[in-house]
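S.K.: My structure is below; once you've seen it, I'll send some questions.
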Amino acid sequence: MNPLSDTAAQAAIGAAARDLKLPTVRAESARLAEIAARDRVTHLAYLAEVLAAELDDRSGRRRARRIAEARFPRIKRLADFSTDAVPAVSPAVLARLATGTYMDNGEPVVLLGDSGTGKTHLLIGLGLAACEQGRRVRYVTTAQLVNELVEAADDRALSRVVGRYGRLDLLLLDELGYVQIDPRGAELLFQIITEREERASIAIGTNLPFSEWGTVFPDPRLVAAIVDRVTFNAHILETGTQSYRLRTTRTTTRTKKPA
């Protein structure tokens with residue numbers, strides 16, 4: 001090995017990092033080298049530190065990309081969900097779901113409760129936890145998804161769109177029950193659910209008990225097939241009837257009142 005000056009070595013590292021697509025190595029190698037020299041660490045320890053910095057930065061970029069691709073309407077974390085406001089949803093259940101094991105097993109999650117009881121918060125929280133694990137996630141309302149599928153079918157691109165949703169690690173389907181779905185839309189949505197059955201997880205937020213899903217889907221046989229698929233091995237959380245938003249707002253207001 002021919003010894004290089006620090007300037008030449010840094011230039012060589014920069015060129016190699018560019019070709020190897022290692023931007024953090026390129027940006028941080030000089031700074032980390034100064035720290036290594038000061039702390040008198042070995043060459044191997046310095047190399048490990050540089051590579052760890054690249055991996056950490058790459059993981060952060062991947063998480064940010066996954067979150068952007070998920071199209072959350074806002075950011076909500078499971079840790080910020082007040083289980084005191086919704087006692088039926090225990091911290092232990094949320095902690096277990098946050099690990100993502102249900103996704104490894106392709107198990108569904110269904111959130112049942114009235115409007116304002118925290119279903120969307122929980123859906124986004126589950127999705128964000130999945131994104132932070134590097135998983136592919138998409139949030140969409142039921143009406144948005146049905147409209148997208150109908151447009152894709154009209155454009156003869158349905159198989160591509162169904163395939164894209166089928167490749168997700170977690171599909172978050174919100175607001176099921178707020179809008180009635182026509183027969184064509186119901187059949188297209190059924191294709192998405194069937195594509196993911198026992199293979200990839202779907203999490204659904206709905207304001208209707210299963211017995212009332214017939215008010216959304218016009219075909220009773222289709223209703224039975226959909227309910228069967230989204231409840232098999234499912235984690236079913238009931239968020240109740242009292243408004244989560246109202247209760248947490250009242251709690252926050254009481255907390256902020258001066259003594």
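We label chains A, B, ... in the order they appear in the structure tokens, count residues from 1 in each chain, and number ligands from 1 in the order shown.
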Excluding Glu69 of chain A and any residue of its chain fewer than 5 positions from it, enumerate the residues within 9 Å of it, using only C-alpha atoms, and give them as a PyMOL selection string.

M.R.: chain A and resi 64+136-138

S.K.: Take the residues just selected and output them with C-alpha atoms as a compact mmCIF listing (two decimals), in the first residue's frame.

M.R.:
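Now in part_14.txt:
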```
# COMPACT_ATOMS: atom_id res chain seq x y z
CA ALA A 64 -38.85 9.18 5.87
CA ARG A 136 -44.52 -0.41 3.07
CA VAL A 137 -47.75 1.24 4.22
CA ARG A 138 -50.61 3.15 2.62
```

S.K.: DSSP on the backbone, alpha helix (DSSP H) only: what residues of segment 175-207 of chain A does that give? Format it as a VMD selection string.

M.R.: chain A and resid 183 to 196

S.K.: Next, write the just-selected residues to a file, as a compact mmCIF listing (two decimals), in the first residue's frame, keeping N, CA and C atoms as the atom set.

M.R.:
```
# COMPACT_ATOMS: atom_id res chain seq x y z
N PRO A 183 -72.56 -1.55 -6.35
CA PRO A 183 -72.13 -2.94 -6.59
C PRO A 183 -70.78 -3.06 -7.27
N ARG A 184 -70.50 -2.22 -8.25
CA ARG A 184 -69.22 -2.31 -8.95
C ARG A 184 -68.06 -1.97 -8.01
N GLY A 185 -68.21 -0.89 -7.26
CA GLY A 185 -67.16 -0.50 -6.32
C GLY A 185 -66.93 -1.55 -5.26
N ALA A 186 -68.02 -2.17 -4.79
CA ALA A 186 -67.89 -3.21 -3.76
C ALA A 186 -67.11 -4.41 -4.29
N GLU A 187 -67.38 -4.80 -5.52
CA GLU A 187 -66.66 -5.93 -6.10
C GLU A 187 -65.17 -5.61 -6.28
N LEU A 188 -64.87 -4.37 -6.66
CA LEU A 188 -63.46 -3.98 -6.84
C LEU A 188 -62.73 -3.95 -5.49
N LEU A 189 -63.41 -3.44 -4.47
CA LEU A 189 -62.80 -3.42 -3.14
C LEU A 189 -62.58 -4.84 -2.63
N PHE A 190 -63.50 -5.72 -2.95
CA PHE A 190 -63.36 -7.13 -2.55
C PHE A 190 -62.09 -7.73 -3.16
N GLN A 191 -61.75 -7.31 -4.37
CA GLN A 191 -60.52 -7.80 -5.01
C GLN A 191 -59.28 -7.43 -4.20
N ILE A 192 -59.26 -6.21 -3.67
CA ILE A 192 -58.14 -5.77 -2.84
C ILE A 192 -58.05 -6.61 -1.58
N ILE A 193 -59.20 -6.82 -0.93
CA ILE A 193 -59.21 -7.58 0.32
C ILE A 193 -58.79 -9.03 0.06
N THR A 194 -59.28 -9.61 -1.03
CA THR A 194 -58.92 -10.98 -1.36
C THR A 194 -57.45 -11.11 -1.70
N GLU A 195 -56.90 -10.11 -2.37
CA GLU A 195 -55.48 -10.11 -2.74
C GLU A 195 -54.59 -10.20 -1.51
N ARG A 196 -55.07 -9.68 -0.37
CA ARG A 196 -54.25 -9.60 0.83
C ARG A 196 -54.57 -10.70 1.85
```

S.K.: For Val146 of chain A, which residue out of A:Ala234, A:Arg221, A:Val179, A:Ala95 is the nearest one, using only C-alpha atoms?

M.R.: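 That would be A:Val179, the residue with the smallest distance to Val146 of chain A.
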
S.K.: Quote the spacing between atom CA of Asp169 of chain A and atom CA of Ile75 of chain A in Å to one decimal place.

M.R.: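 Atom CA of Ile75 of chain A lies 18.8 Å from atom CA of Asp169 of chain A.
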
S.K.: Residues near Arg71 of chain A, anyone? I mean within 9 Å using only C-alpha atoms, not counting same-chain ones fewer than 3 positions away, as a CSV table (one decimal) with all heavy atoms, in the first residue's frame.

M.R.:
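The file below, selection06.csv, is the result:
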```csv
chain,number,residue,atom,x,y,z
A,67,ILE,N,-42.8,6.9,5.2
A,67,ILE,CA,-43.8,7.8,5.8
A,67,ILE,C,-44.5,8.7,4.7
A,67,ILE,O,-45.7,8.9,4.6
A,67,ILE,CB,-43.3,8.7,6.9
A,67,ILE,CG1,-42.9,7.8,8.1
A,67,ILE,CG2,-44.2,9.7,7.4
A,67,ILE,CD1,-42.1,8.4,9.2
A,68,ALA,N,-43.6,9.2,3.8
A,68,ALA,CA,-44.2,10.0,2.7
A,68,ALA,C,-45.0,9.2,1.8
A,68,ALA,O,-46.1,9.7,1.3
A,68,ALA,CB,-43.0,10.7,2.0
A,74,ARG,N,-52.2,13.2,8.6
A,74,ARG,CA,-51.5,13.9,9.6
A,74,ARG,C,-50.7,12.8,10.4
A,74,ARG,O,-50.9,11.6,10.2
A,74,ARG,CB,-52.4,14.6,10.6
A,74,ARG,CG,-53.5,13.7,11.1
A,74,ARG,CD,-54.7,14.5,11.7
A,74,ARG,NE,-55.8,13.7,12.0
A,74,ARG,CZ,-56.8,13.4,11.1
A,74,ARG,NH1,-56.7,13.8,9.9
A,74,ARG,NH2,-57.8,12.7,11.5
A,137,VAL,N,-46.4,1.0,3.6
A,137,VAL,CA,-47.7,1.2,4.2
A,137,VAL,C,-48.5,2.2,3.3
A,137,VAL,O,-47.9,3.1,2.7
A,137,VAL,CB,-47.6,1.8,5.6
A,137,VAL,CG1,-48.9,2.2,6.2
A,137,VAL,CG2,-46.8,0.9,6.6
A,138,ARG,N,-49.8,2.1,3.3
A,138,ARG,CA,-50.6,3.1,2.6
A,138,ARG,C,-51.9,3.4,3.4
A,138,ARG,O,-52.6,2.4,3.8
A,138,ARG,CB,-50.9,2.7,1.2
A,138,ARG,CG,-51.9,3.6,0.5
A,138,ARG,CD,-51.2,4.9,0.0
A,138,ARG,NE,-52.2,5.9,-0.4
A,138,ARG,CZ,-52.8,6.0,-1.5
A,138,ARG,NH1,-52.5,5.1,-2.5
A,138,ARG,NH2,-53.7,6.9,-1.8
A,139,TYR,N,-52.2,4.7,3.7
A,139,TYR,CA,-53.4,5.1,4.3
A,139,TYR,C,-54.4,5.6,3.2
A,139,TYR,O,-54.0,6.4,2.4
A,139,TYR,CB,-53.2,6.2,5.3
A,139,TYR,CG,-54.4,6.8,5.9
A,139,TYR,CD1,-55.0,6.3,7.0
A,139,TYR,CD2,-55.1,7.8,5.2
A,139,TYR,CE1,-56.2,6.9,7.5
A,139,TYR,CE2,-56.2,8.4,5.6
A,139,TYR,CZ,-56.8,7.9,6.8
A,139,TYR,OH,-58.0,8.5,7.3
A,140,VAL,N,-55.6,5.2,3.3
A,140,VAL,CA,-56.6,5.6,2.3
A,140,VAL,C,-58.0,5.5,2.9
A,140,VAL,O,-58.2,4.5,3.7
A,140,VAL,CB,-56.5,4.8,1.0
A,140,VAL,CG1,-56.8,3.4,1.1
A,140,VAL,CG2,-57.3,5.5,-0.1
```

S.K.: List the spatial neighbours of segment 107-111 of chain A as a list in words - criterion: any atom at most 7 Å away, only C-alpha atoms, same-chain residues fewer than 3 positions off excluded.

M.R.: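 So the residues in contact are Tyr102, Met103, Lys119, Glu198, Ser201, Ile202, Ala203, Ile204, Gly205, Thr206, Val230, Thr231, Asn233, Ala234, His235, Ile236, Leu237, Glu238 and Thr239 of chain A.
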
S.K.: Can you work out which one of A:Glu151, A:Gly118, A:Gly106, A:Ala129 has the shortest atom-to-atom distance to Glu197 of chain A, counting only C-alpha atoms?

M.R.: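 Closest candidate: A:Gly106.
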
S.K.: Taking 3 positions as the minimum chain separation for residues in the same chain, which residues sit within 10 Å of Ala27 of chain A when counting only C-alpha atoms? Answer as number ranges by chain.

M.R.: A: 13-14, 17, 22-24, 30-32, 54

S.K.: So, counting only C-alpha atoms, which residue among A:Val41, A:Ala92, A:Ala70, A:Leu112 is closest to Leu208 of chain A?

M.R.: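 Going through A:Val41, A:Ala92, A:Ala70, A:Leu112 one by one, the smallest distance to Leu208 of chain A is for A:Leu112.
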
S.K.: Separation of atom CA of Ala143 of chain A and atom CA of Phe217 of chain A, in Å?

M.R.: 12.4 Å
